[in-house]
Amino acid sequence: MMKKIVLVLFVGLVTMSLKAQDNAAKIEFKSETVDYGEIEKGTDGVRVFEFTNTGSAPLIISDVRSSCGCTIPKKPEDPIMPGKTGEIQVKYDTNRVGPIRKAITVTSNADTPTKILKIKGEVKATSGTK
């Protein structure tokens with residue numbers, strides 16, 4: 001009798017978890033890499049990662065972190081409804097001359113809960129400075 005109860009509970013839990021996966025948020029980025037190219041020191045370092053919630057539940061971005069303090073990401077505060085688009089803004093400190101190779105970690109309630117976005121490029125010294 002106990003085995004039957006455990007079996008019924010197990011089957012019920014599996015069924016519920018499969019049903020929950022059908023009703024999930026899904027995040028699809030237009031591009032997972034932003035290439036700054038070559039930019040001059042002190043220029044605008046703001047870029048945007050655009051995404052769409054292609055799932056069937058509201059998408060909640062719970063955290064966005066960069067791999068260093070020179071990159072400041074900004075996440076959407078409100079849930080992104082199914083079929084709607086959103087953006088994650090990233091600001092790189094362009095007063096740092098040299099190559100840009102940074103990662104931004106996005107945490108959400110999507111079916112893939114962690115996504116790694118990348119920025120790359122190079123900041124060149126302006127004429128007469130180093």
# chains A, B, ... in the order shown; residues from 1 in each chain; ligands from 1
call {"tool": "residues_around", "arguments": {"residues": "stretch 108-110 of chain A", "least_positions_apart": "3", "cutoff": "6 Å", "atoms": "only C-alpha atoms", "output": "list in words"}}
result
Ala25, Lys26, Ile60, Ile61, Ser62 and Pro113 of chain A
call {"tool": "closest_atom_pairs", "arguments": {"of": "stretch 19-41 of chain A", "to": "stretch 91-104 of chain A", "cutoff": "10 Å", "atoms": "only C-alpha atoms", "output": "tab-separated table"}}
result
residue	atom	partner	partner_atom	distance
A:Glu32	CA	A:Ile104	CA	9.8
A:Thr33	CA	A:Ala103	CA	9.2
A:Asp35	CA	A:Ile100	CA	9.1
A:Tyr36	CA	A:Ile100	CA	8.2
A:Gly37	CA	A:Ile100	CA	9.3
A:Glu38	CA	A:Pro99	CA	9.0
A:Ile39	CA	A:Thr94	CA	8.1
A:Glu40	CA	A:Thr94	CA	7.6
A:Lys41	CA	A:Asn95	CA	5.2
call {"tool": "write_last_selection", "arguments": {"atoms": "C-alpha atoms", "output": "CSV table (one decimal), in the first residue's frame"}}
result
chain,number,residue,atom,x,y,z
A,32,GLU,CA,24.5,37.8,-27.4
A,33,THR,CA,27.6,39.9,-28.2
A,35,ASP,CA,31.0,44.7,-30.6
A,36,TYR,CA,32.1,48.3,-29.8
A,37,GLY,CA,34.6,48.2,-32.6
A,38,GLU,CA,37.3,50.8,-32.2
A,39,ILE,CA,36.1,53.8,-30.2
A,40,GLU,CA,38.0,56.8,-28.8
A,41,LYS,CA,38.7,57.4,-25.1
call {"tool": "select_by_dssp", "arguments": {"residues": "chain A", "states": "strand (DSSP E or B)", "output": "JSON list (two decimals) with N, CA and C atoms, in the first residue's frame"}}
result
[["chain", "number", "residue", "atom", "x", "y", "z"],
["A", 25, "ALA", "N", 8.77, 31.10, -19.14],
["A", 25, "ALA", "CA", 9.32, 32.23, -19.89],
["A", 25, "ALA", "C", 10.53, 31.72, -20.67],
["A", 27, "ILE", "N", 13.87, 33.46, -22.94],
["A", 27, "ILE", "CA", 14.54, 34.69, -23.36],
["A", 27, "ILE", "C", 15.38, 34.42, -24.60],
["A", 28, "GLU", "N", 15.16, 35.24, -25.62],
["A", 28, "GLU", "CA", 15.95, 35.14, -26.86],
["A", 28, "GLU", "C", 16.52, 36.51, -27.17],
["A", 29, "PHE", "N", 17.86, 36.59, -27.18],
["A", 29, "PHE", "CA", 18.53, 37.84, -27.46],
["A", 29, "PHE", "C", 18.71, 38.03, -28.97],
["A", 33, "THR", "N", 26.35, 39.16, -28.27],
["A", 33, "THR", "CA", 27.63, 39.88, -28.24],
["A", 33, "THR", "C", 27.43, 41.26, -28.83],
["A", 34, "VAL", "N", 27.94, 42.28, -28.14],
["A", 34, "VAL", "CA", 27.96, 43.64, -28.68],
["A", 34, "VAL", "C", 29.41, 43.98, -28.97],
["A", 35, "ASP", "N", 29.67, 44.37, -30.22],
["A", 35, "ASP", "CA", 31.02, 44.75, -30.63],
["A", 35, "ASP", "C", 31.10, 46.27, -30.71],
["A", 36, "TYR", "N", 31.87, 46.86, -29.81],
["A", 36, "TYR", "CA", 32.06, 48.31, -29.82],
["A", 36, "TYR", "C", 32.91, 48.74, -31.01],
["A", 37, "GLY", "N", 33.68, 47.81, -31.56],
["A", 37, "GLY", "CA", 34.64, 48.18, -32.60],
["A", 37, "GLY", "C", 35.74, 49.01, -31.97],
["A", 38, "GLU", "N", 36.33, 49.91, -32.74],
["A", 38, "GLU", "CA", 37.34, 50.83, -32.20],
["A", 38, "GLU", "C", 36.65, 52.14, -31.87],
["A", 39, "ILE", "N", 36.75, 52.54, -30.60],
["A", 39, "ILE", "CA", 36.15, 53.81, -30.17],
["A", 39, "ILE", "C", 37.21, 54.63, -29.46],
["A", 40, "GLU", "N", 37.01, 55.94, -29.45],
["A", 40, "GLU", "CA", 37.98, 56.83, -28.80],
["A", 40, "GLU", "C", 37.72, 56.93, -27.30],
["A", 46, "VAL", "N", 27.66, 53.50, -23.76],
["A", 46, "VAL", "CA", 26.38, 52.81, -23.53],
["A", 46, "VAL", "C", 25.99, 52.01, -24.77],
["A", 47, "ARG", "N", 25.67, 50.74, -24.54],
["A", 47, "ARG", "CA", 25.16, 49.86, -25.60],
["A", 47, "ARG", "C", 23.98, 49.08, -25.04],
["A", 48, "VAL", "N", 23.19, 48.46, -25.93],
["A", 48, "VAL", "CA", 21.96, 47.79, -25.51],
["A", 48, "VAL", "C", 21.90, 46.37, -26.08],
["A", 49, "PHE", "N", 21.52, 45.43, -25.22],
["A", 49, "PHE", "CA", 21.19, 44.08, -25.64],
["A", 49, "PHE", "C", 19.68, 43.99, -25.69],
["A", 50, "GLU", "N", 19.11, 43.72, -26.87],
["A", 50, "GLU", "CA", 17.67, 43.59, -27.02],
["A", 50, "GLU", "C", 17.28, 42.12, -26.94],
["A", 51, "PHE", "N", 16.14, 41.85, -26.30],
["A", 51, "PHE", "CA", 15.66, 40.48, -26.19],
["A", 51, "PHE", "C", 14.15, 40.43, -26.29],
["A", 52, "THR", "N", 13.64, 39.21, -26.55],
["A", 52, "THR", "CA", 12.20, 38.96, -26.63],
["A", 52, "THR", "C", 11.86, 37.80, -25.71],
["A", 53, "ASN", "N", 10.73, 37.90, -25.03],
["A", 53, "ASN", "CA", 10.21, 36.78, -24.25],
["A", 53, "ASN", "C", 9.39, 35.93, -25.21],
["A", 59, "LEU", "N", 8.44, 37.07, -18.11],
["A", 59, "LEU", "CA", 9.88, 36.92, -17.90],
["A", 59, "LEU", "C", 10.32, 37.93, -16.86],
["A", 61, "ILE", "N", 13.69, 39.34, -15.03],
["A", 61, "ILE", "CA", 15.15, 39.40, -14.94],
["A", 61, "ILE", "C", 15.45, 39.74, -13.48],
["A", 62, "SER", "N", 16.02, 38.79, -12.76],
["A", 62, "SER", "CA", 16.25, 39.00, -11.33],
["A", 62, "SER", "C", 17.61, 39.63, -11.04],
["A", 63, "ASP", "N", 18.59, 39.42, -11.93],
["A", 63, "ASP", "CA", 19.92, 39.96, -11.65],
["A", 63, "ASP", "C", 20.71, 40.08, -12.95],
["A", 64, "VAL", "N", 21.53, 41.11, -13.04],
["A", 64, "VAL", "CA", 22.47, 41.30, -14.15],
["A", 64, "VAL", "C", 23.77, 41.77, -13.54],
["A", 65, "ARG", "N", 24.85, 41.02, -13.76],
["A", 65, "ARG", "CA", 26.16, 41.36, -13.19],
["A", 65, "ARG", "C", 27.22, 41.36, -14.27],
["A", 66, "SER", "N", 28.19, 42.24, -14.11],
["A", 66, "SER", "CA", 29.31, 42.28, -15.06],
["A", 66, "SER", "C", 30.53, 41.64, -14.43],
["A", 71, "THR", "N", 32.22, 47.96, -16.12],
["A", 71, "THR", "CA", 31.01, 47.75, -16.92],
["A", 71, "THR", "C", 29.81, 47.76, -15.99],
["A", 72, "ILE", "N", 28.86, 48.65, -16.27],
["A", 72, "ILE", "CA", 27.68, 48.77, -15.41],
["A", 72, "ILE", "C", 26.43, 48.38, -16.20],
["A", 73, "PRO", "N", 25.84, 47.22, -15.87],
["A", 73, "PRO", "CA", 24.61, 46.81, -16.56],
["A", 73, "PRO", "C", 23.37, 47.33, -15.84],
["A", 74, "LYS", "N", 22.30, 47.52, -16.61],
["A", 74, "LYS", "CA", 21.02, 47.97, -16.05],
["A", 74, "LYS", "C", 19.92, 47.06, -16.60],
["A", 80, "ILE", "N", 8.63, 41.14, -18.32],
["A", 80, "ILE", "CA", 8.42, 41.24, -19.76],
["A", 80, "ILE", "C", 7.39, 40.17, -20.13],
["A", 85, "THR", "N", 9.19, 42.68, -25.98],
["A", 85, "THR", "CA", 10.64, 42.84, -26.00],
["A", 85, "THR", "C", 11.09, 43.70, -24.82],
["A", 86, "GLY", "N", 12.36, 43.56, -24.49],
["A", 86, "GLY", "CA", 12.97, 44.36, -23.43],
["A", 86, "GLY", "C", 14.42, 44.59, -23.78],
["A", 87, "GLU", "N", 15.11, 45.31, -22.90],
["A", 87, "GLU", "CA", 16.52, 45.56, -23.16],
["A", 87, "GLU", "C", 17.32, 45.60, -21.87],
["A", 88, "ILE", "N", 18.57, 45.21, -22.00],
["A", 88, "ILE", "CA", 19.54, 45.33, -20.93],
["A", 88, "ILE", "C", 20.58, 46.33, -21.41],
["A", 89, "GLN", "N", 20.70, 47.40, -20.66],
["A", 89, "GLN", "CA", 21.64, 48.46, -21.03],
["A", 89, "GLN", "C", 22.98, 48.21, -20.34],
["A", 90, "VAL", "N", 24.06, 48.41, -21.07],
["A", 90, "VAL", "CA", 25.40, 48.21, -20.53],
["A", 90, "VAL", "C", 26.22, 49.47, -20.80],
["A", 91, "LYS", "N", 26.88, 49.96, -19.75],
["A", 91, "LYS", "CA", 27.73, 51.15, -19.90],
["A", 91, "LYS", "C", 29.17, 50.76, -19.56],
["A", 92, "TYR", "N", 30.05, 50.89, -20.54],
["A", 92, "TYR", "CA", 31.47, 50.60, -20.34],
["A", 92, "TYR", "C", 32.22, 51.90, -20.11],
["A", 98, "GLY", "N", 42.46, 50.50, -24.20],
["A", 98, "GLY", "CA", 42.86, 49.12, -24.40],
["A", 98, "GLY", "C", 41.70, 48.26, -24.87],
["A", 99, "PRO", "N", 41.95, 46.95, -24.96],
["A", 99, "PRO", "CA", 40.90, 46.05, -25.46],
["A", 99, "PRO", "C", 39.76, 45.90, -24.46],
["A", 100, "ILE", "N", 38.57, 45.68, -25.00],
["A", 100, "ILE", "CA", 37.36, 45.42, -24.20],
["A", 100, "ILE", "C", 37.00, 43.95, -24.41],
["A", 101, "ARG", "N", 36.99, 43.19, -23.34],
["A", 101, "ARG", "CA", 36.55, 41.79, -23.36],
["A", 101, "ARG", "C", 35.87, 41.54, -22.02],
["A", 102, "LYS", "N", 34.58, 41.74, -21.95],
["A", 102, "LYS", "CA", 33.85, 41.60, -20.68],
["A", 102, "LYS", "C", 32.63, 40.71, -20.85],
["A", 103, "ALA", "N", 32.22, 40.10, -19.75],
["A", 103, "ALA", "CA", 31.04, 39.24, -19.74],
["A", 103, "ALA", "C", 29.99, 39.83, -18.81],
["A", 104, "ILE", "N", 28.74, 39.69, -19.20],
["A", 104, "ILE", "CA", 27.60, 40.12, -18.39],
["A", 104, "ILE", "C", 26.73, 38.89, -18.15],
["A", 105, "THR", "N", 26.48, 38.57, -16.88],
["A", 105, "THR", "CA", 25.68, 37.40, -16.53],
["A", 105, "THR", "C", 24.25, 37.84, -16.23],
["A", 106, "VAL", "N", 23.30, 37.26, -16.95],
["A", 106, "VAL", "CA", 21.88, 37.58, -16.78],
["A", 106, "VAL", "C", 21.19, 36.40, -16.11],
["A", 107, "THR", "N", 20.52, 36.66, -14.99],
["A", 107, "THR", "CA", 19.78, 35.64, -14.26],
["A", 107, "THR", "C", 18.29, 35.97, -14.34],
["A", 108, "SER", "N", 17.48, 34.95, -14.70],
["A", 108, "SER", "CA", 16.05, 35.18, -14.85],
["A", 108, "SER", "C", 15.27, 33.91, -14.52],
["A", 110, "ALA", "N", 13.65, 32.34, -16.81],
["A", 110, "ALA", "CA", 13.49, 31.69, -18.11],
["A", 110, "ALA", "C", 13.84, 30.21, -18.03],
["A", 114, "THR", "N", 20.29, 31.16, -16.72],
["A", 114, "THR", "CA", 21.49, 31.99, -16.76],
["A", 114, "THR", "C", 21.98, 32.11, -18.19],
["A", 115, "LYS", "N", 22.20, 33.35, -18.62],
["A", 115, "LYS", "CA", 22.74, 33.63, -19.95],
["A", 115, "LYS", "C", 23.98, 34.50, -19.77],
["A", 116, "ILE", "N", 24.99, 34.25, -20.58],
["A", 116, "ILE", "CA", 26.21, 35.07, -20.56],
["A", 116, "ILE", "C", 26.24, 35.91, -21.83],
["A", 117, "LEU", "N", 26.25, 37.22, -21.66],
["A", 117, "LEU", "CA", 26.37, 38.15, -22.77],
["A", 117, "LEU", "C", 27.80, 38.67, -22.80],
["A", 118, "LYS", "N", 28.27, 39.12, -23.96],
["A", 118, "LYS", "CA", 29.65, 39.60, -24.07],
["A", 118, "LYS", "C", 29.71, 40.94, -24.76],
["A", 119, "ILE", "N", 30.67, 41.75, -24.31],
["A", 119, "ILE", "CA", 31.00, 42.97, -25.03],
["A", 119, "ILE", "C", 32.47, 42.88, -25.42],
["A", 120, "LYS", "N", 32.78, 43.43, -26.58],
["A", 120, "LYS", "CA", 34.16, 43.42, -27.05],
["A", 120, "LYS", "C", 34.42, 44.68, -27.86],
["A", 121, "GLY", "N", 35.69, 44.95, -28.07],
["A", 121, "GLY", "CA", 36.08, 46.12, -28.84],
["A", 121, "GLY", "C", 37.41, 46.63, -28.35],
["A", 122, "GLU", "N", 37.70, 47.88, -28.69],
["A", 122, "GLU", "CA", 38.95, 48.48, -28.24],
["A", 122, "GLU", "C", 38.78, 49.98, -28.09],
["A", 123, "VAL", "N", 39.27, 50.49, -26.95],
["A", 123, "VAL", "CA", 39.27, 51.92, -26.71],
["A", 123, "VAL", "C", 40.64, 52.44, -27.10],
["A", 124, "LYS", "N", 40.66, 53.39, -28.02],
["A", 124, "LYS", "CA", 41.91, 53.99, -28.50],
["A", 124, "LYS", "C", 42.11, 55.34, -27.83]]
call {"tool": "atom_distance", "arguments": {"atom1": "atom CA of A:Asp111", "atom2": "atom CA of A:Asn23"}}
result
9.6 Å
call {"tool": "decode", "arguments": {"residues": "stretch 49-118 of chain A", "atoms": "C-alpha atoms", "output": "PDB file, in the first residue's frame"}}
result
ATOM      1  CA  PHE A  49      21.191  44.077 -25.643  1.00  0.00           C
ATOM      2  CA  GLU A  50      17.665  43.590 -27.017  1.00  0.00           C
ATOM      3  CA  PHE A  51      15.663  40.479 -26.190  1.00  0.00           C
ATOM      4  CA  THR A  52      12.201  38.962 -26.626  1.00  0.00           C
ATOM      5  CA  ASN A  53      10.210  36.777 -24.250  1.00  0.00           C
ATOM      6  CA  THR A  54       9.268  33.944 -26.622  1.00  0.00           C
ATOM      7  CA  GLY A  55       7.778  31.869 -23.808  1.00  0.00           C
ATOM      8  CA  SER A  56       4.257  31.673 -22.437  1.00  0.00           C
ATOM      9  CA  ALA A  57       4.841  33.195 -18.974  1.00  0.00           C
ATOM     10  CA  PRO A  58       6.075  36.626 -17.821  1.00  0.00           C
ATOM     11  CA  LEU A  59       9.878  36.916 -17.898  1.00  0.00           C
ATOM     12  CA  ILE A  60      11.497  38.339 -14.773  1.00  0.00           C
ATOM     13  CA  ILE A  61      15.147  39.398 -14.944  1.00  0.00           C
ATOM     14  CA  SER A  62      16.246  39.003 -11.332  1.00  0.00           C
ATOM     15  CA  ASP A  63      19.921  39.958 -11.654  1.00  0.00           C
ATOM     16  CA  VAL A  64      22.465  41.297 -14.149  1.00  0.00           C
ATOM     17  CA  ARG A  65      26.163  41.360 -13.191  1.00  0.00           C
ATOM     18  CA  SER A  66      29.307  42.279 -15.056  1.00  0.00           C
ATOM     19  CA  SER A  67      32.703  40.630 -14.801  1.00  0.00           C
ATOM     20  CA  CYS A  68      34.305  43.871 -13.540  1.00  0.00           C
ATOM     21  CA  GLY A  69      33.509  47.309 -12.142  1.00  0.00           C
ATOM     22  CA  CYS A  70      34.294  49.033 -15.450  1.00  0.00           C
ATOM     23  CA  THR A  71      31.014  47.751 -16.925  1.00  0.00           C
ATOM     24  CA  ILE A  72      27.679  48.772 -15.413  1.00  0.00           C
ATOM     25  CA  PRO A  73      24.609  46.806 -16.559  1.00  0.00           C
ATOM     26  CA  LYS A  74      21.025  47.972 -16.053  1.00  0.00           C
ATOM     27  CA  LYS A  75      18.153  45.468 -16.080  1.00  0.00           C
ATOM     28  CA  PRO A  76      14.444  46.029 -16.712  1.00  0.00           C
ATOM     29  CA  GLU A  77      12.513  46.421 -13.464  1.00  0.00           C
ATOM     30  CA  ASP A  78       9.130  45.186 -14.723  1.00  0.00           C
ATOM     31  CA  PRO A  79       8.295  41.684 -15.989  1.00  0.00           C
ATOM     32  CA  ILE A  80       8.421  41.243 -19.761  1.00  0.00           C
ATOM     33  CA  MET A  81       5.163  39.704 -20.945  1.00  0.00           C
ATOM     34  CA  PRO A  82       5.086  36.852 -23.504  1.00  0.00           C
ATOM     35  CA  GLY A  83       5.786  38.136 -27.026  1.00  0.00           C
ATOM     36  CA  LYS A  84       7.100  41.478 -25.756  1.00  0.00           C
ATOM     37  CA  THR A  85      10.638  42.843 -25.998  1.00  0.00           C
ATOM     38  CA  GLY A  86      12.970  44.359 -23.434  1.00  0.00           C
ATOM     39  CA  GLU A  87      16.517  45.557 -23.156  1.00  0.00           C
ATOM     40  CA  ILE A  88      19.544  45.328 -20.926  1.00  0.00           C
ATOM     41  CA  GLN A  89      21.641  48.462 -21.026  1.00  0.00           C
ATOM     42  CA  VAL A  90      25.404  48.215 -20.531  1.00  0.00           C
ATOM     43  CA  LYS A  91      27.735  51.145 -19.897  1.00  0.00           C
ATOM     44  CA  TYR A  92      31.472  50.598 -20.338  1.00  0.00           C
ATOM     45  CA  ASP A  93      34.004  53.052 -18.873  1.00  0.00           C
ATOM     46  CA  THR A  94      35.625  54.340 -22.068  1.00  0.00           C
ATOM     47  CA  ASN A  95      38.288  56.236 -20.116  1.00  0.00           C
ATOM     48  CA  ARG A  96      40.163  52.908 -19.934  1.00  0.00           C
ATOM     49  CA  VAL A  97      42.352  52.620 -23.022  1.00  0.00           C
ATOM     50  CA  GLY A  98      42.861  49.117 -24.400  1.00  0.00           C
ATOM     51  CA  PRO A  99      40.905  46.047 -25.457  1.00  0.00           C
ATOM     52  CA  ILE A 100      37.360  45.418 -24.202  1.00  0.00           C
ATOM     53  CA  ARG A 101      36.547  41.793 -23.360  1.00  0.00           C
ATOM     54  CA  LYS A 102      33.848  41.602 -20.684  1.00  0.00           C
ATOM     55  CA  ALA A 103      31.037  39.238 -19.740  1.00  0.00           C
ATOM     56  CA  ILE A 104      27.600  40.123 -18.392  1.00  0.00           C
ATOM     57  CA  THR A 105      25.679  37.396 -16.533  1.00  0.00           C
ATOM     58  CA  VAL A 106      21.881  37.580 -16.783  1.00  0.00           C
ATOM     59  CA  THR A 107      19.783  35.635 -14.260  1.00  0.00           C
ATOM     60  CA  SER A 108      16.047  35.180 -14.854  1.00  0.00           C
ATOM     61  CA  ASN A 109      13.102  32.838 -14.483  1.00  0.00           C
ATOM     62  CA  ALA A 110      13.487  31.692 -18.115  1.00  0.00           C
ATOM     63  CA  ASP A 111      13.775  28.043 -19.097  1.00  0.00           C
ATOM     64  CA  THR A 112      17.521  28.737 -19.367  1.00  0.00           C
ATOM     65  CA  PRO A 113      17.942  30.711 -16.113  1.00  0.00           C
ATOM     66  CA  THR A 114      21.491  31.988 -16.759  1.00  0.00           C
ATOM     67  CA  LYS A 115      22.744  33.633 -19.951  1.00  0.00           C
ATOM     68  CA  ILE A 116      26.206  35.068 -20.559  1.00  0.00           C
ATOM     69  CA  LEU A 117      26.369  38.151 -22.774  1.00  0.00           C
ATOM     70  CA  LYS A 118      29.650  39.596 -24.071  1.00  0.00           C
TER      71      LYS A 118
END
